[in-house]
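Visitor: My questions all concern the structure below.
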Amino acid sequence: KRKMEATTEEDNVGNEEKHRIEEEKRTLFRLNQEAQKKRVPSSSLKNLDSNIKKNTSFIKKLKQFSNDQTEAISQELQTLNLSKYISEVVNSIAEAKLKVTDILGMVKVCSLLHQRFPEFTPSLLPVLIRIFAPSSDPADKSSRIIKRRTTLRLLGELFLYGVYSDGDVIYKIVNEMATSDQTDKDGFQNLPLMVSFVRSVGDELLGLKNRKASSEPTEDKISKDLKTLFTNLLDRYFESVSKFLVQEHKDLRAKERENHHILETKGELSEGSSAAYDRQRKGYEKLLLQVQQLAETLSKDMPNLPEDSNTTRIDVGPITTSRDKGENAQVETIFDDEDTRTFYENLPDLRTLVPGVLLGETEPKTDKDVKDVKDVKDVKEPVKDVPKETKEKEKTAEVKPEDKAKETNNKETKEAKESKEATKEAKESKESKEGKEKEDKEEKDTTGTANISKLDALLARLHQCVNRDLIDQASIEFCYSNSKNNRKKLVKALFNVNRTALALLPYYSRMAATINQYMKDVGSMLSTMLEEEFQSLYQKKDQTNIETKIRNIRFIGELTKFRVFPANQTLNILKSCLDDFLHHNIDVACALLECVGRFLYRTPETHLRTKLLLEHLMRLKQTQNLANRLDFMVENAYYHCIPPERQVQKKEEDNPIRAYVDKLIFRDLNKGTIKEVLKQLRKLPWQATEVEDQVLAKLIKIHRGKYVNIPFVASLVAGLSRYHEMLGIKFVDALLENIRVGLEENNFKKRQKQLMEVKLLGELYNFTLIESQLIFDTLEMLLTFGHIGDVAADTPLDPVNDYFRCRMVCCLLDTCGQYFDSGSSKKKLDRFLIYFQRYYLSKSPVLPMEIDFMISDCFEALRPSLTRLTTVDQCNEAITNFAQLEKIAPSNPRPMVVEQSDSETDDDTDDTVSSEGSDNSDDEEEGRNQVEDDTADFNRGPIKSNTDSEFDRELRAMITEGVESRKLESRSNARFDMSIPINLLKSQPGTGRGRMEDEPPPQPTEGVQFRLLMKKGGKQLTKKFEHSARFKFGF
């Protein structure tokens, strides 16, 4: 609201100001038109002050006129009789150095002079017209153009305000300027004057549609014939200017083609050609801007300027950027990203942040201005040039004869008093001047010391400016202590940056570029110092100070990107390094290309020359036998400037269902949205066969999600498996296959994925989707996969110094090991922990600290009272003892599977399976119920329906009935096709019976001995062989 109110108030103030100016304009026009009738008679002017002293001071004020003095001069004009000084007044107006803002004030003063003195206007016009006379002095060209611009504007405003009514006066001036431009060899020199004239008074004088301010008196005064004359004159002038612009455009393009050809043949331009092209380009840009302004004012279309696409513009001087050319300039994609472009191109404008006085924008006074000021001061002193006779005659004409005697007596006393007062004033003025000089010196001393202390503090913390905001703030602070000596100190501080502090170079260059916008000597001094340092290092040709050389060349590159250091000079430095392509020059050239090579290659003005130099660099690399380090450095520099082309891979459009499932699982899934995600997944069209595969493909990619979301994914799989049973089976199969493939590849890049897969397997057990036997089989696979016999052997799939499998085992046990605390699962876990200790101790008795802590935490969580074994022998002894308790051979390396011998009968087997299976299930359910997360309702297994419970009860009853019935059956010997020899049936172990005659006595072995009964030639034969006890066949 406040902003809107402020804007409305400003608009109201602006409208009121416009109305006031319009009203004053109408009033002055009416008074100027009626001046001939209502002019004061000359007899009444005698009553006004005609003192020569006051009139002379008034004339000098007119010569130094400014808009602020309009009211004071107007009031003083009402009290003076200037009829005898019209010529002096006219000359002072013509010689006045008016600005554009002073024109309206001078028009008001001229209106008052016109209304009072009839001879003023006829005397003023010839003097103003004389300014436009041709001059042969080329030295005074710029000042003459400025004077003509203000004078032409003054003549136009005087005509519009009714001071003179003859429009042919200004028409002849404009016509002469247009004619001289068309015949001038140097081009359209008066084009700036024409643009200024048309923009100031063209709206009213030509009657254009886009009139800024309309006034009824001027519309009545200016005839249609005069408007037609001006319109036709300016139309012809614009046509001639447009043709001249097109010709200049063609000449510039021809020059560019010539420079392009020279660069292709010779590789560089001469200084003369560069300077000639620079002058021609600047002149064309200036002409183009002026023609655009004239076309905009006259509502004309710009002429068509044909572009030659085959021509590359050549850089011959400072590079013009988008901020230099204006808003309409095209921003080229020179930099890789937007942040880099803003860092190098968007510099802070100090004019908006710092007072202009601190930037040195105030122009010093010229000698003429000083003289004029002195003349104004001298007006206050008594005028000595006026003769005494004229004074006495004036006094005697007014004084009565009776008072003449008194006056003669008092003359001497008055003169004595005046002389005394003059001496006193002189002494006081001298004393005051001396006091002011002393005060000024003291102030300068104090300000100088303060500025020096501020600058020292700024330079001391300059190395701490390590970001854009800090370096911009330092640039602003420097402006408050700006002086020539301080600028030299700053440049020296920037130049003396530490040779190892390469990260500061971009920020130092930004500071130099920011200050160089208004203090051009900073950039030139720093560039000169860096170039001289490079030349000195280059000419020495010693193989030392490589860090100094790199710092120097990178500083030059950063300044080039800020367009402070000339780009053509940077290319000359690169060419000099390529001419002597040895030792440190190779490092310097590569450092320069890595810093600024891409910028030079992408800049249109330097693209071609940079490309030629890069090709020359690669030819030098191929011809010279460089070291591997230098060879790689040259290739990196080249491909940094010209990256190799890569084919853009087209992304396959994802199926909407896959994309939706991906969103649900990897974006939306969390602790609070499990039910909602499961509900959305169930709504998918599961009748289509590909939907199940798509959901499975997303669920199995667990590594794409977060580690903390693994329990939630397991909950989703458990929930979906209630309604789609095959999904759970396929998911478990795919997960186990991924774990096995990860062990086969043994790729360290995929270890995070392997940990997440093992974690997911444990969570599936927590949700009763798999049984404990699958967990123990996986644990066994983690220890024995890739090993043949001895787990301590060093294999490619499990090196001795690789402990990642220990990490996987701990991750799986931490996830679901707390449920193995009772029943047979507890015995299996105890047995596995012994084998696990033998596994990691066989790698190294001293584990890495991280692995040791991880194993300790795992053991403490699962078996707090367990004492860890320290040697492999202790582990083997523990395995033997454990095997003896369970009546298992000590050499059996399979820790999890309890095998049964053939001596056990089928009914014992069935009984064992049924009883042990029930025990395992009961123990697992009891263990899982002990560890329950109260905060997460989703961490529960699937709930069986009533039909499933009935089916389980019937199955148990059937199994029990079958076992009981088989117990009553009689055991019968097995029937063989062949009869067993009697000596074998009656042989007993330990006796010599039953052996063949040719057989040696039996030797004690660890395996199981067999006798194979064969039949050969009608005879029964037996053959003895031994089989390992590890396999079921052995039992």
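Labels used: A, B, ... for chains in the order of the structure tokens, numbers from 1 for residues in each chain, and numbers from 1 for ligands as shown.
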For region 747-750 of chain A, list every protein, DNA or RNA residue within 10 Å, evaluated using only C-alpha atoms, and leave out those in the same chain fewer than 6 positions away; present the list as number ranges by chain.
Guide: A: 703, 797, 804
Visitor: Let's have the selection written as a JSON list (two decimals), in the first residue's frame, with all heavy atoms.
Guide:
[["chain", "number", "residue", "atom", "x", "y", "z"],
["A", 703, "HIS", "N", 18.92, -51.23, -3.93],
["A", 703, "HIS", "CA", 20.04, -50.29, -3.80],
["A", 703, "HIS", "C", 19.68, -48.90, -4.27],
["A", 703, "HIS", "O", 20.40, -47.94, -4.00],
["A", 703, "HIS", "CB", 21.24, -50.81, -4.59],
["A", 703, "HIS", "CG", 20.96, -51.00, -6.04],
["A", 703, "HIS", "ND1", 20.32, -52.12, -6.53],
["A", 703, "HIS", "CD2", 21.21, -50.21, -7.11],
["A", 703, "HIS", "CE1", 20.21, -52.02, -7.85],
["A", 703, "HIS", "NE2", 20.74, -50.88, -8.23],
["A", 797, "LEU", "N", 38.14, -65.03, -5.22],
["A", 797, "LEU", "CA", 36.82, -64.57, -4.78],
["A", 797, "LEU", "C", 36.80, -64.15, -3.32],
["A", 797, "LEU", "O", 35.88, -63.43, -2.91],
["A", 797, "LEU", "CB", 35.79, -65.69, -5.00],
["A", 797, "LEU", "CG", 35.59, -66.14, -6.45],
["A", 797, "LEU", "CD1", 34.51, -67.22, -6.51],
["A", 797, "LEU", "CD2", 35.22, -64.96, -7.33],
["A", 804, "PHE", "N", 35.24, -58.32, 3.80],
["A", 804, "PHE", "CA", 33.88, -57.85, 3.52],
["A", 804, "PHE", "C", 32.84, -58.91, 3.86],
["A", 804, "PHE", "O", 31.72, -58.58, 4.26],
["A", 804, "PHE", "CB", 33.76, -57.45, 2.05],
["A", 804, "PHE", "CG", 32.42, -56.94, 1.67],
["A", 804, "PHE", "CD1", 31.96, -55.72, 2.16],
["A", 804, "PHE", "CD2", 31.58, -57.69, 0.86],
["A", 804, "PHE", "CE1", 30.71, -55.25, 1.82],
["A", 804, "PHE", "CE2", 30.33, -57.23, 0.53],
["A", 804, "PHE", "CZ", 29.89, -56.00, 1.01]]
Visitor: Write out as a PDB file with N, CA, C and O atoms, in the first residue's frame each polymer residue whose atoms come within 10 Å of Glu533 (chain A), counting only C-alpha atoms; drop sequence neighbours fewer than 4 positions from it.
Guide:
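Done, and the output landed in around12.pdb:
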ATOM      1  N   SER A 527      48.025  -5.390 -15.937  1.00  0.00           N
ATOM      2  CA  SER A 527      48.323  -6.139 -17.161  1.00  0.00           C
ATOM      3  C   SER A 527      49.760  -5.928 -17.594  1.00  0.00           C
ATOM      4  O   SER A 527      50.450  -6.880 -18.016  1.00  0.00           O
ATOM      5  N   THR A 528      50.239  -4.697 -17.494  1.00  0.00           N
ATOM      6  CA  THR A 528      51.622  -4.410 -17.880  1.00  0.00           C
ATOM      7  C   THR A 528      52.614  -5.143 -16.993  1.00  0.00           C
ATOM      8  O   THR A 528      53.611  -5.710 -17.467  1.00  0.00           O
ATOM      9  N   MET A 529      52.357  -5.147 -15.693  1.00  0.00           N
ATOM     10  CA  MET A 529      53.264  -5.828 -14.773  1.00  0.00           C
ATOM     11  C   MET A 529      53.303  -7.335 -15.035  1.00  0.00           C
ATOM     12  O   MET A 529      54.374  -7.963 -15.034  1.00  0.00           O
ATOM     13  N   LEU A 537      60.576 -13.979 -17.383  1.00  0.00           N
ATOM     14  CA  LEU A 537      60.687 -15.413 -17.126  1.00  0.00           C
ATOM     15  C   LEU A 537      60.905 -16.199 -18.415  1.00  0.00           C
ATOM     16  O   LEU A 537      61.615 -17.206 -18.433  1.00  0.00           O
ATOM     17  N   TYR A 538      60.306 -15.737 -19.497  1.00  0.00           N
ATOM     18  CA  TYR A 538      60.439 -16.437 -20.770  1.00  0.00           C
ATOM     19  C   TYR A 538      61.847 -16.293 -21.348  1.00  0.00           C
ATOM     20  O   TYR A 538      62.395 -17.237 -21.928  1.00  0.00           O
ATOM     21  N   THR A 548      56.026 -19.934  -9.892  1.00  0.00           N
ATOM     22  CA  THR A 548      55.855 -18.519 -10.249  1.00  0.00           C
ATOM     23  C   THR A 548      55.347 -18.385 -11.674  1.00  0.00           C
ATOM     24  O   THR A 548      54.491 -17.538 -11.971  1.00  0.00           O
ATOM     25  N   LYS A 549      55.850 -19.204 -12.575  1.00  0.00           N
ATOM     26  CA  LYS A 549      55.401 -19.146 -13.964  1.00  0.00           C
ATOM     27  C   LYS A 549      53.926 -19.546 -14.087  1.00  0.00           C
ATOM     28  O   LYS A 549      53.162 -18.905 -14.825  1.00  0.00           O
ATOM     29  N   ASN A 552      51.784 -16.734 -12.761  1.00  0.00           N
ATOM     30  CA  ASN A 552      51.747 -15.618 -13.703  1.00  0.00           C
ATOM     31  C   ASN A 552      50.799 -15.904 -14.867  1.00  0.00           C
ATOM     32  O   ASN A 552      49.952 -15.057 -15.216  1.00  0.00           O
ATOM     33  N   ILE A 553      50.902 -17.081 -15.456  1.00  0.00           N
ATOM     34  CA  ILE A 553      50.106 -17.363 -16.649  1.00  0.00           C
ATOM     35  C   ILE A 553      48.636 -17.562 -16.305  1.00  0.00           C
ATOM     36  O   ILE A 553      47.740 -17.187 -17.077  1.00  0.00           O
TER      37      ILE A 553
END
Visitor: Can you check which parts of region 456-505 of chain A lie within 12 Å of region 350-353 of chain A? Per residue, the shortest pair of atoms and distance in Å to one decimal, counting only C-alpha atoms, sorted by chain and number, as CSV.
Guide:
residue,atom,partner,partner_atom,distance
A:Asp472,CA,A:Leu350,CA,9.7
A:Gln473,CA,A:Leu353,CA,10.2
A:Ala474,CA,A:Leu350,CA,11.7
A:Ser475,CA,A:Leu350,CA,8.6
A:Ile476,CA,A:Leu350,CA,6.9
A:Glu477,CA,A:Leu353,CA,10.3
A:Phe478,CA,A:Leu350,CA,10.8
A:Cys479,CA,A:Leu350,CA,8.5
A:Tyr480,CA,A:Leu353,CA,11.1
Visitor: Could you pull out the helix (DSSP H, G or I) residues of region 534-585 of chain A from DSSP and send them as a PyMOL selection string?
Guide: chain A and resi 534-540+546-561+567-579+584-585
Visitor: Could you save those same residues with N, CA and C atoms as a CSV table (one decimal), in the first residue's frame?
Guide:
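Output file selection_6.csv is given in full below:
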chain,number,residue,atom,x,y,z
A,534,PHE,N,56.1,-12.1,-17.4
A,534,PHE,CA,56.2,-13.2,-18.3
A,534,PHE,C,57.3,-13.1,-19.2
A,535,GLN,N,57.6,-11.9,-19.8
A,535,GLN,CA,58.7,-11.8,-20.7
A,535,GLN,C,60.0,-12.0,-20.0
A,536,SER,N,60.2,-11.6,-18.8
A,536,SER,CA,61.4,-11.8,-18.1
A,536,SER,C,61.6,-13.3,-17.8
A,537,LEU,N,60.6,-14.0,-17.4
A,537,LEU,CA,60.7,-15.4,-17.1
A,537,LEU,C,60.9,-16.2,-18.4
A,538,TYR,N,60.3,-15.7,-19.5
A,538,TYR,CA,60.4,-16.4,-20.8
A,538,TYR,C,61.8,-16.3,-21.3
A,539,GLN,N,62.4,-15.1,-21.2
A,539,GLN,CA,63.8,-14.9,-21.7
A,539,GLN,C,64.9,-15.5,-21.0
A,540,LYS,N,64.6,-15.8,-19.7
A,540,LYS,CA,65.7,-16.4,-18.9
A,540,LYS,C,65.9,-17.9,-19.3
A,546,ILE,N,58.9,-22.8,-11.4
A,546,ILE,CA,57.8,-23.2,-12.2
A,546,ILE,C,56.5,-22.8,-11.5
A,547,GLU,N,56.4,-22.7,-10.2
A,547,GLU,CA,55.2,-22.2,-9.5
A,547,GLU,C,55.0,-20.7,-9.8
A,548,THR,N,56.0,-19.9,-9.9
A,548,THR,CA,55.9,-18.5,-10.2
A,548,THR,C,55.3,-18.4,-11.7
A,549,LYS,N,55.9,-19.2,-12.6
A,549,LYS,CA,55.4,-19.1,-14.0
A,549,LYS,C,53.9,-19.5,-14.1
A,550,ILE,N,53.5,-20.6,-13.4
A,550,ILE,CA,52.1,-21.0,-13.4
A,550,ILE,C,51.2,-20.0,-12.8
A,551,ARG,N,51.7,-19.4,-11.7
A,551,ARG,CA,50.9,-18.3,-11.1
A,551,ARG,C,50.7,-17.1,-12.1
A,552,ASN,N,51.8,-16.7,-12.8
A,552,ASN,CA,51.7,-15.6,-13.7
A,552,ASN,C,50.8,-15.9,-14.9
A,553,ILE,N,50.9,-17.1,-15.5
A,553,ILE,CA,50.1,-17.4,-16.6
A,553,ILE,C,48.6,-17.6,-16.3
A,554,ARG,N,48.3,-18.1,-15.1
A,554,ARG,CA,46.9,-18.3,-14.7
A,554,ARG,C,46.3,-16.9,-14.4
A,555,PHE,N,47.1,-16.0,-13.8
A,555,PHE,CA,46.6,-14.7,-13.5
A,555,PHE,C,46.3,-14.0,-14.9
A,556,ILE,N,47.1,-14.1,-15.9
A,556,ILE,CA,46.8,-13.6,-17.2
A,556,ILE,C,45.5,-14.2,-17.7
A,557,GLY,N,45.4,-15.5,-17.6
A,557,GLY,CA,44.1,-16.1,-18.1
A,557,GLY,C,42.9,-15.6,-17.4
A,558,GLU,N,42.9,-15.5,-16.1
A,558,GLU,CA,41.7,-15.0,-15.4
A,558,GLU,C,41.4,-13.5,-15.8
A,559,LEU,N,42.4,-12.7,-15.9
A,559,LEU,CA,42.1,-11.3,-16.4
A,559,LEU,C,41.6,-11.3,-17.8
A,560,THR,N,42.0,-12.2,-18.6
A,560,THR,CA,41.5,-12.3,-20.0
A,560,THR,C,40.0,-12.7,-19.9
A,561,LYS,N,39.6,-13.6,-19.1
A,561,LYS,CA,38.2,-13.9,-19.0
A,561,LYS,C,37.3,-12.7,-18.5
A,567,ALA,N,42.7,-10.1,-25.3
A,567,ALA,CA,42.7,-11.5,-25.7
A,567,ALA,C,43.8,-11.7,-26.8
A,568,ASN,N,44.0,-10.8,-27.7
A,568,ASN,CA,45.0,-11.0,-28.7
A,568,ASN,C,46.4,-11.1,-28.1
A,569,GLN,N,46.6,-10.3,-27.1
A,569,GLN,CA,47.9,-10.4,-26.4
A,569,GLN,C,48.1,-11.8,-25.7
A,570,THR,N,47.0,-12.3,-25.2
A,570,THR,CA,47.0,-13.6,-24.6
A,570,THR,C,47.4,-14.7,-25.6
A,571,LEU,N,46.8,-14.6,-26.8
A,571,LEU,CA,47.2,-15.5,-27.9
A,571,LEU,C,48.6,-15.3,-28.3
A,572,ASN,N,49.1,-14.1,-28.3
A,572,ASN,CA,50.5,-13.9,-28.6
A,572,ASN,C,51.4,-14.6,-27.6
A,573,ILE,N,51.1,-14.6,-26.3
A,573,ILE,CA,51.8,-15.3,-25.3
A,573,ILE,C,51.8,-16.8,-25.6
A,574,LEU,N,50.6,-17.3,-25.9
A,574,LEU,CA,50.5,-18.7,-26.2
A,574,LEU,C,51.4,-19.1,-27.4
A,575,LYS,N,51.4,-18.3,-28.4
A,575,LYS,CA,52.2,-18.5,-29.6
A,575,LYS,C,53.7,-18.5,-29.3
A,576,SER,N,54.1,-17.6,-28.4
A,576,SER,CA,55.5,-17.6,-28.1
A,576,SER,C,55.9,-18.9,-27.3
A,577,CYS,N,55.0,-19.4,-26.5
A,577,CYS,CA,55.3,-20.7,-25.8
A,577,CYS,C,55.4,-21.8,-26.8
A,578,LEU,N,54.5,-21.8,-27.9
A,578,LEU,CA,54.6,-22.9,-28.8
A,578,LEU,C,55.8,-22.8,-29.8
A,579,ASP,N,56.3,-21.6,-30.0
A,579,ASP,CA,57.5,-21.4,-30.8
A,579,ASP,C,58.7,-22.0,-30.1
A,584,HIS,N,59.7,-26.0,-19.5
A,584,HIS,CA,58.6,-25.3,-18.7
A,584,HIS,C,57.6,-24.6,-19.6
A,585,ASN,N,58.0,-24.3,-20.9
A,585,ASN,CA,57.1,-23.7,-21.8
A,585,ASN,C,55.9,-24.6,-22.1
Visitor: Contacts of region 484-490 of chain A at 8 Å or less, counting only C-alpha atoms, minus same-chain residues fewer than 4 places along, as a PyMOL selection string?
Guide: chain A and resi 452+455+459+494+522
Visitor: Mind writing the picked residues with all heavy atoms as a PDB file, in the first residue's frame?
Guide:
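Saved as part.pdb:
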ATOM      1  N   ILE A 452      45.238   5.892   4.525  1.00  0.00           N
ATOM      2  CA  ILE A 452      46.339   4.925   4.508  1.00  0.00           C
ATOM      3  C   ILE A 452      46.075   3.779   5.480  1.00  0.00           C
ATOM      4  O   ILE A 452      46.310   2.606   5.166  1.00  0.00           O
ATOM      5  CB  ILE A 452      47.660   5.647   4.846  1.00  0.00           C
ATOM      6  CG1 ILE A 452      48.052   6.587   3.694  1.00  0.00           C
ATOM      7  CG2 ILE A 452      48.773   4.644   5.114  1.00  0.00           C
ATOM      8  CD1 ILE A 452      49.230   7.474   4.012  1.00  0.00           C
ATOM      9  N   LEU A 455      43.423   1.540   3.953  1.00  0.00           N
ATOM     10  CA  LEU A 455      43.963   0.742   2.858  1.00  0.00           C
ATOM     11  C   LEU A 455      44.847  -0.387   3.371  1.00  0.00           C
ATOM     12  O   LEU A 455      44.784  -1.517   2.862  1.00  0.00           O
ATOM     13  CB  LEU A 455      44.750   1.651   1.909  1.00  0.00           C
ATOM     14  CG  LEU A 455      45.373   0.962   0.698  1.00  0.00           C
ATOM     15  CD1 LEU A 455      44.285   0.413  -0.207  1.00  0.00           C
ATOM     16  CD2 LEU A 455      46.269   1.921  -0.062  1.00  0.00           C
ATOM     17  N   LEU A 459      44.231  -4.292   2.578  1.00  0.00           N
ATOM     18  CA  LEU A 459      45.213  -5.154   1.916  1.00  0.00           C
ATOM     19  C   LEU A 459      45.640  -6.315   2.812  1.00  0.00           C
ATOM     20  O   LEU A 459      45.981  -7.394   2.314  1.00  0.00           O
ATOM     21  CB  LEU A 459      46.437  -4.325   1.514  1.00  0.00           C
ATOM     22  CG  LEU A 459      46.193  -3.190   0.510  1.00  0.00           C
ATOM     23  CD1 LEU A 459      47.489  -2.469   0.209  1.00  0.00           C
ATOM     24  CD2 LEU A 459      45.569  -3.724  -0.769  1.00  0.00           C
ATOM     25  N   LEU A 494      47.878  -6.914  -5.436  1.00  0.00           N
ATOM     26  CA  LEU A 494      47.283  -7.947  -6.274  1.00  0.00           C
ATOM     27  C   LEU A 494      48.346  -8.713  -7.051  1.00  0.00           C
ATOM     28  O   LEU A 494      48.252  -9.940  -7.233  1.00  0.00           O
ATOM     29  CB  LEU A 494      46.273  -7.318  -7.246  1.00  0.00           C
ATOM     30  CG  LEU A 494      45.028  -6.678  -6.635  1.00  0.00           C
ATOM     31  CD1 LEU A 494      44.197  -6.013  -7.707  1.00  0.00           C
ATOM     32  CD2 LEU A 494      44.198  -7.698  -5.876  1.00  0.00           C
ATOM     33  N   VAL A 522      44.036   0.924 -13.238  1.00  0.00           N
ATOM     34  CA  VAL A 522      44.260  -0.285 -12.446  1.00  0.00           C
ATOM     35  C   VAL A 522      44.476  -1.488 -13.357  1.00  0.00           C
ATOM     36  O   VAL A 522      45.446  -2.239 -13.223  1.00  0.00           O
ATOM     37  CB  VAL A 522      43.069  -0.529 -11.492  1.00  0.00           C
ATOM     38  CG1 VAL A 522      43.206  -1.868 -10.786  1.00  0.00           C
ATOM     39  CG2 VAL A 522      42.976   0.591 -10.474  1.00  0.00           C
TER      40      VAL A 522
END
Visitor: Please identify all polymer residues within 7 Å of region 630-634 of chain A, counting only C-alpha atoms, omitting same-chain residues fewer than 4 positions from it, and present them as number ranges by chain.
Guide: A: 590, 626, 638
Visitor: I need the chosen residues saved as a compact mmCIF listing (two decimals), in the first residue's frame, with N, CA and C atoms.
Guide:
# COMPACT_ATOMS: atom_id res chain seq x y z
N CYS A 590 50.11 -25.31 -21.41
CA CYS A 590 48.98 -26.14 -20.99
C CYS A 590 48.19 -25.48 -19.86
N LEU A 626 57.69 -36.57 -26.31
CA LEU A 626 57.47 -35.99 -24.99
C LEU A 626 57.38 -37.09 -23.95
N TYR A 638 44.20 -29.84 -24.62
CA TYR A 638 43.51 -29.77 -25.91
C TYR A 638 42.03 -30.15 -25.76
Visitor: With only C-alpha atoms as the basis for distance, which of A:Ile665, A:Lys541, A:Ala589, A:Glu645 is at the shortest distance from Gln680 (chain A)?
Guide: A:Ile665
Visitor: Here is a test: counting only C-alpha atoms, which residue of A:Glu635, A:Glu88, A:Asp857, A:Glu744 is nearest to Asp798 (chain A)?
Guide: A:Glu744
Visitor: Enter the distance from CA of Leu82 (chain A) to CA of Ser66 (chain A), in Å, rounded to one decimal.
Guide: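 Between CA of Leu82 (chain A) and CA of Ser66 (chain A) the gap works out to 20.4 Å.
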Visitor: If you measure from CA of Phe565 (chain A) to CA of Val357 (chain A), what distance in Å do you get, rounded to one decimal?
Guide: 26.9 Å
Visitor: Show me, as a list in words, the residues that have an atom within 12 Å of Lys37 (chain A) when counting only C-alpha atoms, minus same-chain residues fewer than 5 positions from it.
Guide: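 My list of contacting residues is Arg30, Leu31, Asn32, Gln115, Arg116 and Pro118 of chain A.
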Visitor: Could you please take those selected residues and save N, CA, C and O atoms as an mmCIF file, in the first residue's frame?
Guide:
data_model
loop_
_atom_site.group_PDB
_atom_site.id
_atom_site.type_symbol
_atom_site.label_atom_id
_atom_site.label_comp_id
_atom_site.auth_asym_id
_atom_site.auth_seq_id
_atom_site.Cartn_x
_atom_site.Cartn_y
_atom_site.Cartn_z
ATOM 1 N N ARG A 30 2.312 34.002 -25.233
ATOM 2 C CA ARG A 30 1.363 35.101 -25.389
ATOM 3 C C ARG A 30 2.027 36.443 -25.145
ATOM 4 O O ARG A 30 1.818 37.403 -25.895
ATOM 5 N N LEU A 31 2.869 36.530 -24.116
ATOM 6 C CA LEU A 31 3.552 37.791 -23.824
ATOM 7 C C LEU A 31 4.540 38.160 -24.931
ATOM 8 O O LEU A 31 4.690 39.336 -25.273
ATOM 9 N N ASN A 32 5.248 37.146 -25.477
ATOM 10 C CA ASN A 32 6.188 37.431 -26.567
ATOM 11 C C ASN A 32 5.464 37.894 -27.825
ATOM 12 O O ASN A 32 5.967 38.755 -28.565
ATOM 13 N N GLN A 115 10.721 41.196 -24.527
ATOM 14 C CA GLN A 115 9.525 41.969 -24.182
ATOM 15 C C GLN A 115 9.863 43.403 -23.794
ATOM 16 O O GLN A 115 9.024 44.305 -23.934
ATOM 17 N N ARG A 116 11.073 43.670 -23.358
ATOM 18 C CA ARG A 116 11.423 45.011 -22.898
ATOM 19 C C ARG A 116 12.200 45.810 -23.937
ATOM 20 O O ARG A 116 11.962 47.022 -24.097
ATOM 21 N N PRO A 118 13.174 46.240 -27.871
ATOM 22 C CA PRO A 118 12.815 45.809 -29.239
ATOM 23 C C PRO A 118 14.026 45.454 -30.096
ATOM 24 O O PRO A 118 13.917 44.679 -31.031
#
Visitor: Give me the residues near Gly523 (chain A) as a PyMOL selection string, where near means some atom within 10 Å (using only C-alpha atoms) and where sequence neighbours in that chain fewer than 3 positions away do not count.
Guide: chain A and resi 491+509+511-517+519-520+526-528+559+563-565
Visitor: Expressed in Å to a single decimal, how great is the separation between CA of Glu256 (chain A) and CA of His616 (chain A)?
Guide: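 Computing the Euclidean distance for CA of Glu256 (chain A) and CA of His616 (chain A) yields 23.5 Å.
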Visitor: With only C-alpha atoms as the atoms that count, which of A:Ser92, A:Gln189, A:Ser865, A:Thr333 lies nearest to Gly283 (chain A)?
Guide: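 Looking only at the distances to Gly283 (chain A), the closest residue turns out to be A:Gln189.
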